[in-house]
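Asker: My structure file start.cif, mmCIF, C-alpha atoms, is below:
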```cif
data_coords
#
loop_
_atom_site.group_PDB
_atom_site.id
_atom_site.type_symbol
_atom_site.label_atom_id
_atom_site.label_comp_id
_atom_site.auth_asym_id
_atom_site.auth_seq_id
_atom_site.Cartn_x
_atom_site.Cartn_y
_atom_site.Cartn_z
ATOM 1 C CA MET A 1 -6.155 -2.530 27.499
ATOM 2 C CA THR A 2 -8.324 -5.619 28.089
ATOM 3 C CA THR A 3 -10.965 -6.404 25.527
ATOM 4 C CA ASP A 4 -13.739 -8.956 25.397
ATOM 5 C CA LEU A 5 -13.265 -9.409 21.661
ATOM 6 C CA ASN A 6 -14.285 -12.772 20.308
ATOM 7 C CA VAL A 7 -11.388 -13.568 17.987
ATOM 8 C CA ASP A 8 -13.136 -16.397 16.147
ATOM 9 C CA GLU A 9 -16.258 -14.338 15.450
ATOM 10 C CA THR A 10 -14.276 -11.352 14.211
ATOM 11 C CA PHE A 11 -12.068 -13.577 12.068
ATOM 12 C CA LYS A 12 -15.148 -15.232 10.537
ATOM 13 C CA LYS A 13 -16.751 -11.844 9.954
ATOM 14 C CA LEU A 14 -13.742 -10.740 7.905
ATOM 15 C CA GLN A 15 -13.695 -14.087 6.128
ATOM 16 C CA THR A 16 -17.320 -13.839 5.026
ATOM 17 C CA HIS A 17 -16.834 -10.330 3.670
ATOM 18 C CA LYS A 18 -17.647 -10.465 -0.032
ATOM 19 C CA GLY A 19 -14.483 -10.857 -2.091
ATOM 20 C CA VAL A 20 -12.157 -11.926 0.737
ATOM 21 C CA LYS A 21 -9.953 -14.753 -0.530
ATOM 22 C CA GLY A 22 -7.806 -15.279 2.532
ATOM 23 C CA ILE A 23 -6.669 -14.008 5.909
ATOM 24 C CA LEU A 24 -3.324 -14.421 7.628
ATOM 25 C CA ILE A 25 -2.103 -13.376 11.070
ATOM 26 C CA ILE A 26 1.610 -13.593 11.846
ATOM 27 C CA ASN A 27 3.864 -12.272 14.588
ATOM 28 C CA LYS A 28 6.844 -9.979 13.980
ATOM 29 C CA ASN A 29 9.140 -13.026 13.693
ATOM 30 C CA GLY A 30 6.964 -14.373 10.905
ATOM 31 C CA SER A 31 5.424 -17.244 12.830
ATOM 32 C CA VAL A 32 1.886 -18.032 11.718
ATOM 33 C CA ILE A 33 -0.708 -17.397 14.442
ATOM 34 C CA LYS A 34 -3.890 -18.011 12.435
ATOM 35 C CA SER A 35 -4.560 -18.448 8.739
ATOM 36 C CA THR A 36 -7.070 -19.519 6.095
ATOM 37 C CA PHE A 37 -4.210 -20.546 3.806
ATOM 38 C CA ASP A 38 -2.332 -23.859 3.776
ATOM 39 C CA ASN A 39 0.986 -24.075 5.645
ATOM 40 C CA ASP A 40 3.271 -23.501 2.667
ATOM 41 C CA THR A 41 1.279 -20.528 1.375
ATOM 42 C CA SER A 42 1.100 -19.028 4.859
ATOM 43 C CA GLN A 43 4.872 -19.255 5.256
ATOM 44 C CA GLN A 44 5.452 -17.781 1.806
ATOM 45 C CA TYR A 45 3.209 -14.803 2.556
ATOM 46 C CA SER A 46 4.840 -14.421 5.946
ATOM 47 C CA LYS A 47 8.328 -14.163 4.456
ATOM 48 C CA LEU A 48 7.119 -11.653 1.865
ATOM 49 C CA ILE A 49 5.452 -9.449 4.485
ATOM 50 C CA LEU A 50 8.581 -9.478 6.644
ATOM 51 C CA ASP A 51 10.601 -8.528 3.565
ATOM 52 C CA LEU A 52 8.238 -5.724 2.526
ATOM 53 C CA PHE A 53 7.431 -4.156 5.878
ATOM 54 C CA PRO A 54 10.826 -2.628 6.779
ATOM 55 C CA ARG A 55 11.014 -1.116 3.296
ATOM 56 C CA ALA A 56 7.537 0.361 3.643
ATOM 57 C CA SER A 57 8.662 1.733 6.978
ATOM 58 C CA THR A 58 11.805 3.280 5.475
ATOM 59 C CA LEU A 59 9.719 4.916 2.754
ATOM 60 C CA LEU A 60 7.457 6.564 5.350
ATOM 61 C CA LYS A 61 10.388 7.692 7.479
ATOM 62 C CA GLN A 62 11.835 9.485 4.477
ATOM 63 C CA ASN A 63 8.985 11.986 4.898
ATOM 64 C CA ASP A 64 8.790 11.992 8.708
ATOM 65 C CA GLU A 65 11.331 9.993 10.675
ATOM 66 C CA LYS A 66 8.887 9.459 13.517
ATOM 67 C CA ASP A 67 6.253 7.830 11.284
ATOM 68 C CA GLN A 68 5.356 4.203 11.848
ATOM 69 C CA VAL A 69 3.498 1.965 9.385
ATOM 70 C CA SER A 70 -0.174 1.585 10.302
ATOM 71 C CA PHE A 71 -1.318 0.094 7.023
ATOM 72 C CA PHE A 72 -0.081 -0.844 3.600
ATOM 73 C CA ARG A 73 -1.800 -2.216 0.564
ATOM 74 C CA VAL A 74 -0.927 -3.372 -2.911
ATOM 75 C CA ARG A 75 -3.465 -3.292 -5.741
ATOM 76 C CA SER A 76 -3.571 -5.060 -9.041
ATOM 77 C CA GLN A 77 -6.480 -4.516 -11.423
ATOM 78 C CA ASP A 78 -8.456 -7.289 -9.719
ATOM 79 C CA ASN A 79 -6.937 -7.946 -6.299
ATOM 80 C CA ASP A 80 -6.029 -6.021 -3.191
ATOM 81 C CA ILE A 81 -3.609 -7.241 -0.532
ATOM 82 C CA MET A 82 -3.927 -5.282 2.686
ATOM 83 C CA VAL A 83 -1.630 -5.519 5.690
ATOM 84 C CA SER A 84 -2.179 -3.868 9.041
ATOM 85 C CA PRO A 85 0.667 -4.150 11.582
ATOM 86 C CA ASP A 86 0.437 -3.280 15.250
ATOM 87 C CA ASN A 87 3.203 -3.788 17.794
ATOM 88 C CA ASP A 88 3.801 -7.535 17.767
ATOM 89 C CA TYR A 89 1.578 -8.820 14.964
ATOM 90 C CA PHE A 90 0.456 -8.380 11.364
ATOM 91 C CA LEU A 91 -3.025 -8.931 9.917
ATOM 92 C CA MET A 92 -3.128 -9.564 6.151
ATOM 93 C CA VAL A 93 -6.244 -9.871 4.012
ATOM 94 C CA VAL A 94 -6.388 -10.769 0.323
ATOM 95 C CA ASN A 95 -9.465 -9.302 -1.330
ATOM 96 C CA GLN A 96 -10.817 -9.695 -4.851
ATOM 97 C CA VAL A 97 -12.097 -6.305 -5.964
ATOM 98 C CA LYS A 98 -15.429 -6.316 -7.763
ATOM 99 C CA HIS A 99 -15.786 -4.398 -10.992
ATOM 100 C CA GLU A 100 -19.298 -3.055 -11.476
ATOM 101 C CA MET B 1 -2.915 6.200 -27.295
ATOM 102 C CA THR B 2 -2.278 9.873 -27.960
ATOM 103 C CA THR B 3 -3.543 12.351 -25.408
ATOM 104 C CA ASP B 4 -3.683 16.107 -25.293
ATOM 105 C CA LEU B 5 -2.980 16.119 -21.554
ATOM 106 C CA ASN B 6 -1.321 19.229 -20.219
ATOM 107 C CA VAL B 7 1.319 17.734 -17.943
ATOM 108 C CA ASP B 8 2.105 20.964 -16.104
ATOM 109 C CA GLU B 9 -1.540 21.715 -15.355
ATOM 110 C CA THR B 10 -2.244 18.203 -14.116
ATOM 111 C CA PHE B 11 0.919 18.213 -12.007
ATOM 112 C CA LYS B 12 -0.069 21.551 -10.455
ATOM 113 C CA LYS B 13 -3.588 20.278 -9.835
ATOM 114 C CA LEU B 14 -2.208 17.365 -7.813
ATOM 115 C CA GLN B 15 0.204 19.705 -6.051
ATOM 116 C CA THR B 16 -2.524 22.075 -4.908
ATOM 117 C CA HIS B 17 -4.646 19.239 -3.530
ATOM 118 C CA LYS B 18 -5.064 19.914 0.176
ATOM 119 C CA GLY B 19 -2.528 17.940 2.202
ATOM 120 C CA VAL B 20 -0.174 17.044 -0.655
ATOM 121 C CA LYS B 21 3.388 17.492 0.574
ATOM 122 C CA GLY B 22 5.258 16.346 -2.525
ATOM 123 C CA ILE B 23 5.124 14.672 -5.911
ATOM 124 C CA LEU B 24 7.755 12.588 -7.681
ATOM 125 C CA ILE B 25 7.845 10.998 -11.116
ATOM 126 C CA ILE B 26 10.616 8.535 -11.932
ATOM 127 C CA ASN B 27 11.231 6.008 -14.688
ATOM 128 C CA LYS B 28 11.730 2.287 -14.103
ATOM 129 C CA ASN B 29 15.498 2.797 -13.859
ATOM 130 C CA GLY B 30 14.948 5.282 -11.048
ATOM 131 C CA SER B 31 15.875 8.415 -12.970
ATOM 132 C CA VAL B 32 13.945 11.474 -11.843
ATOM 133 C CA ILE B 33 11.625 12.877 -14.522
ATOM 134 C CA LYS B 34 9.837 15.545 -12.489
ATOM 135 C CA SER B 35 9.722 16.309 -8.780
ATOM 136 C CA THR B 36 8.729 18.852 -6.138
ATOM 137 C CA PHE B 37 11.513 17.549 -3.862
ATOM 138 C CA ASP B 38 15.178 18.546 -3.887
ATOM 139 C CA ASN B 39 17.662 16.366 -5.778
ATOM 140 C CA ASP B 40 18.903 14.315 -2.826
ATOM 141 C CA THR B 41 15.414 13.636 -1.497
ATOM 142 C CA SER B 42 14.191 12.706 -4.966
ATOM 143 C CA GLN B 43 16.990 10.187 -5.411
ATOM 144 C CA GLN B 44 16.417 8.722 -1.964
ATOM 145 C CA TYR B 45 12.707 8.216 -2.662
ATOM 146 C CA SER B 46 13.545 6.795 -6.074
ATOM 147 C CA LYS B 47 15.832 4.138 -4.607
ATOM 148 C CA LEU B 48 13.246 3.223 -2.009
ATOM 149 C CA ILE B 49 10.474 2.849 -4.586
ATOM 150 C CA LEU B 50 12.683 0.675 -6.782
ATOM 151 C CA ASP B 51 13.503 -1.431 -3.723
ATOM 152 C CA LEU B 52 9.852 -1.748 -2.648
ATOM 153 C CA PHE B 53 8.137 -2.268 -5.980
ATOM 154 C CA PRO B 54 9.441 -5.755 -6.911
ATOM 155 C CA ARG B 55 8.557 -6.986 -3.438
ATOM 156 C CA ALA B 56 5.051 -5.553 -3.721
ATOM 157 C CA SER B 57 4.839 -7.305 -7.074
ATOM 158 C CA THR B 58 5.963 -10.627 -5.594
ATOM 159 C CA LEU B 59 3.372 -10.317 -2.839
ATOM 160 C CA LEU B 60 0.572 -9.870 -5.406
ATOM 161 C CA LYS B 61 1.819 -12.725 -7.559
ATOM 162 C CA GLN B 62 1.609 -15.037 -4.576
ATOM 163 C CA ASN B 63 -2.173 -14.780 -4.957
ATOM 164 C CA ASP B 64 -2.348 -14.631 -8.762
ATOM 165 C CA GLU B 65 0.828 -15.020 -10.763
ATOM 166 C CA LYS B 66 -0.555 -12.890 -13.585
ATOM 167 C CA ASP B 67 -1.232 -9.896 -11.328
ATOM 168 C CA GLN B 68 0.690 -6.698 -11.878
ATOM 169 C CA VAL B 69 0.990 -3.818 -9.408
ATOM 170 C CA SER B 70 -1.340 -0.953 -10.301
ATOM 171 C CA PHE B 71 -1.084 0.918 -7.004
ATOM 172 C CA PHE B 72 0.482 0.706 -3.583
ATOM 173 C CA ARG B 73 0.274 2.875 -0.535
ATOM 174 C CA VAL B 74 1.760 3.035 2.911
ATOM 175 C CA ARG B 75 -0.065 4.766 5.776
ATOM 176 C CA SER B 76 1.160 6.076 9.057
ATOM 177 C CA GLN B 77 -1.250 7.750 11.485
ATOM 178 C CA ASP B 78 -0.708 11.101 9.775
ATOM 179 C CA ASN B 79 0.782 10.503 6.339
ATOM 180 C CA ASP B 80 0.036 8.508 3.228
ATOM 181 C CA ILE B 81 2.575 7.691 0.534
ATOM 182 C CA MET B 82 0.927 6.533 -2.677
ATOM 183 C CA VAL B 83 2.669 5.082 -5.696
ATOM 184 C CA SER B 84 1.082 4.321 -9.040
ATOM 185 C CA PRO B 85 3.263 2.533 -11.600
ATOM 186 C CA ASP B 86 2.457 2.078 -15.260
ATOM 187 C CA ASN B 87 4.753 0.483 -17.827
ATOM 188 C CA ASP B 88 7.805 2.712 -17.840
ATOM 189 C CA TYR B 89 7.163 5.180 -15.017
ATOM 190 C CA PHE B 90 6.112 5.680 -11.400
ATOM 191 C CA LEU B 91 4.064 8.517 -9.925
ATOM 192 C CA MET B 92 4.477 9.006 -6.160
ATOM 193 C CA VAL B 93 2.516 11.422 -3.995
ATOM 194 C CA VAL B 94 3.096 12.148 -0.299
ATOM 195 C CA ASN B 95 -0.101 13.272 1.393
ATOM 196 C CA GLN B 96 -0.742 14.499 4.924
ATOM 197 C CA VAL B 97 -4.024 13.004 6.085
ATOM 198 C CA LYS B 98 -6.353 15.357 7.937
ATOM 199 C CA HIS B 99 -7.930 14.250 11.177
ATOM 200 C CA GLU B 100 -11.332 15.815 11.750
ATOM 201 C CA SER C 1 21.079 1.630 0.526
ATOM 202 C CA SER C 2 23.196 -1.392 -0.335
ATOM 203 C CA SER C 3 26.274 -0.767 -2.446
ATOM 204 C CA ASN C 4 25.445 -3.406 -5.049
ATOM 205 C CA GLU C 5 22.627 -1.231 -6.406
ATOM 206 C CA PRO C 6 23.287 0.358 -9.806
ATOM 207 C CA GLU C 7 23.764 4.100 -9.518
ATOM 208 C CA ILE C 8 20.751 6.084 -10.692
ATOM 209 C CA ILE C 9 21.347 7.904 -13.974
ATOM 210 C CA VAL C 10 20.749 11.636 -13.660
ATOM 211 C CA LEU C 11 18.862 12.948 -16.684
ATOM 212 C CA ASN C 12 19.608 16.347 -18.194
ATOM 213 C CA ASP C 13 16.899 18.899 -18.902
ATOM 214 C CA LEU C 14 16.638 17.972 -22.570
ATOM 215 C CA ASP C 15 16.142 14.281 -21.729
ATOM 216 C CA LYS C 16 13.454 15.206 -19.190
ATOM 217 C CA SER C 17 11.746 17.551 -21.613
ATOM 218 C CA ASN C 18 11.638 14.895 -24.342
ATOM 219 C CA ILE C 19 10.158 12.352 -21.938
ATOM 220 C CA LEU C 20 7.562 14.808 -20.608
ATOM 221 C CA GLU C 21 6.436 15.532 -24.173
ATOM 222 C CA SER C 22 6.258 11.912 -25.302
ATOM 223 C CA ASP C 23 2.963 10.121 -25.896
ATOM 224 C CA SER C 24 3.965 7.214 -23.653
ATOM 225 C CA PHE C 25 4.590 9.581 -20.755
ATOM 226 C CA LYS C 26 1.377 11.529 -21.291
ATOM 227 C CA SER C 27 -0.610 8.312 -21.417
ATOM 228 C CA PHE C 28 1.021 7.155 -18.165
ATOM 229 C CA PHE C 29 0.451 10.475 -16.414
ATOM 230 C CA SER C 30 -3.121 10.816 -17.615
ATOM 231 C CA ARG C 31 -4.025 7.461 -16.111
ATOM 232 C CA THR C 32 -1.967 7.471 -12.925
ATOM 233 C CA SER C 33 -2.771 11.065 -11.936
ATOM 234 C CA LYS C 34 -6.456 10.101 -11.971
ATOM 235 C CA VAL C 35 -5.781 7.061 -9.766
ATOM 236 C CA ILE C 36 -3.891 9.228 -7.284
ATOM 237 C CA GLU C 37 -6.542 11.957 -7.469
ATOM 238 C CA ARG C 38 -9.246 9.460 -6.510
ATOM 239 C CA ALA C 39 -7.074 8.062 -3.722
ATOM 240 C CA LEU C 40 -6.542 11.611 -2.403
ATOM 241 C CA CYS C 41 -10.290 12.267 -2.473
ATOM 242 C CA LEU C 42 -10.877 9.075 -0.501
ATOM 243 C CA ASP C 43 -8.250 10.158 2.040
ATOM 244 C CA ASP C 44 -10.201 13.400 2.418
ATOM 245 C CA SER C 45 -13.510 11.661 3.006
ATOM 246 C CA ILE C 46 -12.649 8.615 5.121
ATOM 247 C CA ASP C 47 -9.640 7.884 7.277
ATOM 248 C CA ILE C 48 -9.585 4.107 7.620
ATOM 249 C CA LEU C 49 -7.252 4.345 10.616
ATOM 250 C CA VAL C 50 -9.840 6.230 12.674
ATOM 251 C CA ASP C 51 -12.415 4.243 14.613
ATOM 252 C CA TYR C 52 -15.486 6.467 14.445
ATOM 253 C CA THR C 53 -17.248 4.362 17.066
ATOM 254 C CA LYS C 54 -14.762 5.408 19.772
ATOM 255 C CA SER C 55 -13.541 8.544 21.500
ATOM 256 C CA ASP C 56 -10.359 10.139 20.185
ATOM 257 C CA GLU C 57 -8.247 9.039 23.150
ATOM 258 C CA GLU C 58 -8.985 5.386 22.594
ATOM 259 C CA SER C 59 -8.379 5.560 18.869
ATOM 260 C CA LYS C 60 -4.866 6.897 19.561
ATOM 261 C CA SER C 61 -3.931 3.935 21.787
ATOM 262 C CA SER D 1 13.807 -16.220 -0.720
ATOM 263 C CA SER D 2 17.434 -15.583 0.095
ATOM 264 C CA SER D 3 19.198 -18.192 2.200
ATOM 265 C CA ASN D 4 20.507 -15.715 4.781
ATOM 266 C CA GLU D 5 16.983 -15.225 6.150
ATOM 267 C CA PRO D 6 16.323 -16.807 9.568
ATOM 268 C CA GLU D 7 14.012 -19.783 9.287
ATOM 269 C CA ILE D 8 10.490 -19.058 10.486
ATOM 270 C CA ILE D 9 9.663 -20.757 13.774
ATOM 271 C CA VAL D 10 6.606 -22.980 13.465
ATOM 272 C CA LEU D 11 4.365 -22.586 16.514
ATOM 273 C CA ASN D 12 2.522 -25.536 18.034
ATOM 274 C CA ASP D 13 -1.204 -25.416 18.751
ATOM 275 C CA LEU D 14 -0.707 -24.601 22.424
ATOM 276 C CA ASP D 15 1.548 -21.633 21.577
ATOM 277 C CA LYS D 16 -1.021 -20.375 19.080
ATOM 278 C CA SER D 17 -3.868 -20.835 21.525
ATOM 279 C CA ASN D 18 -2.036 -18.908 24.253
ATOM 280 C CA ILE D 19 -1.307 -16.056 21.856
ATOM 281 C CA LEU D 20 -4.896 -15.930 20.565
ATOM 282 C CA GLU D 21 -6.155 -15.680 24.139
ATOM 283 C CA SER D 22 -3.716 -12.981 25.257
ATOM 284 C CA ASP D 23 -4.777 -9.398 25.883
ATOM 285 C CA SER D 24 -2.033 -8.043 23.654
ATOM 286 C CA PHE D 25 -3.289 -10.133 20.748
ATOM 287 C CA LYS D 26 -6.933 -9.239 21.319
ATOM 288 C CA SER D 27 -6.070 -5.562 21.453
ATOM 289 C CA PHE D 28 -4.124 -5.888 18.186
ATOM 290 C CA PHE D 29 -6.906 -7.815 16.449
ATOM 291 C CA SER D 30 -9.659 -5.537 17.693
ATOM 292 C CA ARG D 31 -7.927 -2.506 16.194
ATOM 293 C CA THR D 32 -6.516 -3.948 12.985
ATOM 294 C CA SER D 33 -9.642 -5.913 12.024
ATOM 295 C CA LYS D 34 -11.560 -2.630 12.092
ATOM 296 C CA VAL D 35 -8.963 -0.951 9.870
ATOM 297 C CA ILE D 36 -9.183 -3.802 7.373
ATOM 298 C CA GLU D 37 -12.987 -3.858 7.609
ATOM 299 C CA ARG D 38 -13.139 -0.161 6.677
ATOM 300 C CA ALA D 39 -10.652 -0.709 3.852
ATOM 301 C CA LEU D 40 -12.793 -3.589 2.534
ATOM 302 C CA CYS D 41 -15.914 -1.417 2.654
ATOM 303 C CA LEU D 42 -14.087 1.284 0.671
ATOM 304 C CA ASP D 43 -13.033 -1.335 -1.896
ATOM 305 C CA ASP D 44 -16.704 -2.248 -2.219
ATOM 306 C CA SER D 45 -17.844 1.310 -2.778
ATOM 307 C CA ILE D 46 -15.101 2.859 -4.930
ATOM 308 C CA ASP D 47 -12.486 1.246 -7.126
ATOM 309 C CA ILE D 48 -9.786 3.904 -7.478
ATOM 310 C CA LEU D 49 -8.326 2.097 -10.495
ATOM 311 C CA VAL D 50 -11.496 2.578 -12.518
ATOM 312 C CA ASP D 51 -11.940 5.808 -14.448
ATOM 313 C CA TYR D 52 -15.681 6.431 -14.236
ATOM 314 C CA THR D 53 -15.455 9.180 -16.843
ATOM 315 C CA LYS D 54 -14.453 6.690 -19.556
ATOM 316 C CA SER D 55 -15.837 3.647 -21.290
ATOM 317 C CA ASP D 56 -14.696 0.251 -20.018
ATOM 318 C CA GLU D 57 -12.456 -0.416 -23.012
ATOM 319 C CA GLU D 58 -10.393 2.694 -22.431
ATOM 320 C CA SER D 59 -10.021 2.128 -18.713
ATOM 321 C CA LYS D 60 -8.501 -1.301 -19.415
ATOM 322 C CA SER D 61 -5.750 0.161 -21.615
#
```
Go through the file and emit its structure as structure tokens.
Answerer:
Amino acid sequence: MTTDLNVDETFKKLQTHKGVKGILIINKNGSVIKSTFDNDTSQQYSKLILDLFPRASTLLKQNDEKDQVSFFRVRSQDNDIMVSPDNDYFLMVVNQVKHE
Amino acid sequence: MTTDLNVDETFKKLQTHKGVKGILIINKNGSVIKSTFDNDTSQQYSKLILDLFPRASTLLKQNDEKDQVSFFRVRSQDNDIMVSPDNDYFLMVVNQVKHE
Amino acid sequence: SSSNEPEIIVLNDLDKSNILESDSFKSFFSRTSKVIERALCLDDSIDILVDYTKSDEESKS
Amino acid sequence: SSSNEPEIIVLNDLDKSNILESDSFKSFFSRTSKVIERALCLDDSIDILVDYTKSDEESKS
């Protein structure tokens, strides 16, 4: 499926979303494709995602062995780390949750 | 904090929520406290949660080292597995997401 | 599962009953069941994996 | 991180640029950015960790 998506615009749109503290895109081998974080931080996050993802997948398959991970997130009181995988890549966003 | 919570009623309330396929409560050592699943399934889920949780925690601490996991979830297209930890225990719910 | 994991201790019914009746458990369950309840309600109202701006066929791609 | 993990390959700018311009990447980013966007909007509207039936002090316990 061809798209005329403007990657830079969409990336910036996510980045300017209130509360977003960082965005990372990696491939399934963990190589950094695009990131708002420095190199070391990007690589650290990448390793953690690659460590977490197969375990998230195994958890889902416990319920339905055909299930594939479309999204996972981890919440603390104040922060939300969201990861959306799709075929060859992962998109991760770190968001600071507002308390009203 | 003392509460007058009726555990059975609250458990049943979650169980009758539309789409809920199962509920599991374990302690931090992985022992099953209460479950709608059979023994083998409960123990399998327990091991997976105990395997996943420290990695979810490490991911959060990458952003803020004081952060503690309050919630994590994994989505496939059709199912959602949600885990809420608190001090000594974990509550896990498997939910089938409706597509309208 | 890897074999270096400690074996999970199986609790007997008395152990479970004592835990279920404890204040620490009730406090945990009171709070976490509400978190899960709200997450379930959100699942019912919005499916973040569905793109409502597209037809169904495209959103399944 | 454990030392048996394969070292992550660092991509050069040309590799990154080619990936960012590929159809497979654009398709991925188009879909997943929308998922994350909806999740962010939900975070803005409802915090599932907050118990709206209680005072702030109790919900922090």
Asker: Give one line per residue of chain A that approaches chain D to at most 9 Å, naming the two atoms of the closest pair and their distance in Å to one decimal, counting only C-alpha atoms; sort by chain then ascending residue number and deliver it as a tab-separated table.
Answerer:
```
residue	atom	partner	partner_atom	distance
A:Met1	CA	D:Ser27	CA	6.8
A:Thr2	CA	D:Asp23	CA	5.6
A:Thr3	CA	D:Ser27	CA	6.4
A:Asp4	CA	D:Lys26	CA	7.9
A:Leu5	CA	D:Lys26	CA	6.3
A:Asn6	CA	D:Lys26	CA	8.2
A:Val7	CA	D:Lys26	CA	7.0
A:Thr10	CA	D:Ser33	CA	7.5
A:Phe11	CA	D:Ser33	CA	8.0
A:Leu14	CA	D:Glu37	CA	6.9
A:His17	CA	D:Leu40	CA	7.9
A:Lys18	CA	D:Asp44	CA	8.6
A:Gly19	CA	D:Leu40	CA	8.8
A:Val20	CA	D:Leu40	CA	8.6
A:Asn29	CA	D:Ile8	CA	7.0
A:Gly30	CA	D:Ile8	CA	5.9
A:Ser31	CA	D:Ile9	CA	5.6
A:Val32	CA	D:Val10	CA	7.1
A:Ile33	CA	D:Lys16	CA	5.5
A:Lys34	CA	D:Lys16	CA	7.6
A:Gln43	CA	D:Ile8	CA	7.7
A:Gln44	CA	D:Ser1	CA	8.9
A:Ser46	CA	D:Ile8	CA	8.6
A:Lys47	CA	D:Ser1	CA	7.8
A:Leu48	CA	D:Ser1	CA	8.5
A:Ser70	CA	D:Thr32	CA	8.8
A:Phe71	CA	D:Val35	CA	8.2
A:Arg75	CA	D:Leu49	CA	8.7
A:Ser76	CA	D:Leu49	CA	8.7
A:Gln77	CA	D:Leu49	CA	6.9
A:Asp80	CA	D:Asp43	CA	8.5
A:Met82	CA	D:Ile36	CA	7.2
A:Val83	CA	D:Ile36	CA	7.9
A:Ser84	CA	D:Thr32	CA	5.9
A:Pro85	CA	D:Thr32	CA	7.3
A:Asp86	CA	D:Phe28	CA	6.0
A:Asn87	CA	D:Phe28	CA	7.6
A:Asp88	CA	D:Phe28	CA	8.1
A:Tyr89	CA	D:Phe28	CA	7.2
A:Phe90	CA	D:Thr32	CA	8.4
A:Leu91	CA	D:Thr32	CA	6.8
A:Met92	CA	D:Ile36	CA	8.4
A:Val93	CA	D:Ile36	CA	7.5
A:Asn95	CA	D:Leu40	CA	7.7
A:Val97	CA	D:Asp43	CA	6.5
A:Lys98	CA	D:Asp44	CA	7.0
A:His99	CA	D:Asp47	CA	7.6
```
Asker: Hey, what comes out of the PyMOL selection byres ((chain A) within 9 of (chain B)) on this file? Could you write it as a PDB file with C-alpha atoms, in the frame of the given file?
Answerer:
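Listing of result03.pdb after writing:
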```pdb
ATOM      1  CA  LYS A  21      -9.953 -14.753  -0.530  1.00  0.00           C
ATOM      2  CA  THR A  41       1.279 -20.528   1.375  1.00  0.00           C
ATOM      3  CA  GLN A  44       5.452 -17.781   1.806  1.00  0.00           C
ATOM      4  CA  TYR A  45       3.209 -14.803   2.556  1.00  0.00           C
ATOM      5  CA  LEU A  48       7.119 -11.653   1.865  1.00  0.00           C
ATOM      6  CA  ILE A  49       5.452  -9.449   4.485  1.00  0.00           C
ATOM      7  CA  ASP A  51      10.601  -8.528   3.565  1.00  0.00           C
ATOM      8  CA  LEU A  52       8.238  -5.724   2.526  1.00  0.00           C
ATOM      9  CA  ARG A  55      11.014  -1.116   3.296  1.00  0.00           C
ATOM     10  CA  ALA A  56       7.537   0.361   3.643  1.00  0.00           C
ATOM     11  CA  SER A  57       8.662   1.733   6.978  1.00  0.00           C
ATOM     12  CA  THR A  58      11.805   3.280   5.475  1.00  0.00           C
ATOM     13  CA  LEU A  59       9.719   4.916   2.754  1.00  0.00           C
ATOM     14  CA  LEU A  60       7.457   6.564   5.350  1.00  0.00           C
ATOM     15  CA  GLN A  62      11.835   9.485   4.477  1.00  0.00           C
ATOM     16  CA  ASN A  63       8.985  11.986   4.898  1.00  0.00           C
ATOM     17  CA  ASP A  64       8.790  11.992   8.708  1.00  0.00           C
ATOM     18  CA  ASP A  67       6.253   7.830  11.284  1.00  0.00           C
ATOM     19  CA  GLN A  68       5.356   4.203  11.848  1.00  0.00           C
ATOM     20  CA  VAL A  69       3.498   1.965   9.385  1.00  0.00           C
ATOM     21  CA  SER A  70      -0.174   1.585  10.302  1.00  0.00           C
ATOM     22  CA  PHE A  71      -1.318   0.094   7.023  1.00  0.00           C
ATOM     23  CA  PHE A  72      -0.081  -0.844   3.600  1.00  0.00           C
ATOM     24  CA  ARG A  73      -1.800  -2.216   0.564  1.00  0.00           C
ATOM     25  CA  VAL A  74      -0.927  -3.372  -2.911  1.00  0.00           C
ATOM     26  CA  ARG A  75      -3.465  -3.292  -5.741  1.00  0.00           C
ATOM     27  CA  SER A  76      -3.571  -5.060  -9.041  1.00  0.00           C
ATOM     28  CA  GLN A  77      -6.480  -4.516 -11.423  1.00  0.00           C
ATOM     29  CA  ASP A  78      -8.456  -7.289  -9.719  1.00  0.00           C
ATOM     30  CA  ASN A  79      -6.937  -7.946  -6.299  1.00  0.00           C
ATOM     31  CA  ASP A  80      -6.029  -6.021  -3.191  1.00  0.00           C
ATOM     32  CA  ILE A  81      -3.609  -7.241  -0.532  1.00  0.00           C
ATOM     33  CA  VAL A  94      -6.388 -10.769   0.323  1.00  0.00           C
TER      34      VAL A  94
END
```
Asker: Interatomic distance between CA of Ser35 (chain B) and CA of Ile23 (chain B)?
Answerer: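 Separating CA of Ser35 (chain B) from CA of Ile23 (chain B) is a distance of 5.7 Å.
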Asker: Can you measure CA of Asp38 (chain B) to CA of Leu24 (chain B) for me? One decimal in Å is fine.
Answerer: 10.2 Å
Asker: Take CA of Ser42 (chain B) and CA of Arg38 (chain C) and report the distance between them in Å, one decimal.
Answerer: 23.7 Å
Asker: Which residue out of A:Gln96, A:Asp8, A:Lys13, A:Asn27 has the minimum interatomic distance to Leu50 (chain A) when only C-alpha atoms are used?
Answerer: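 When distances to Leu50 (chain A) are compared using only C-alpha atoms, the smallest one comes from A:Asn27.
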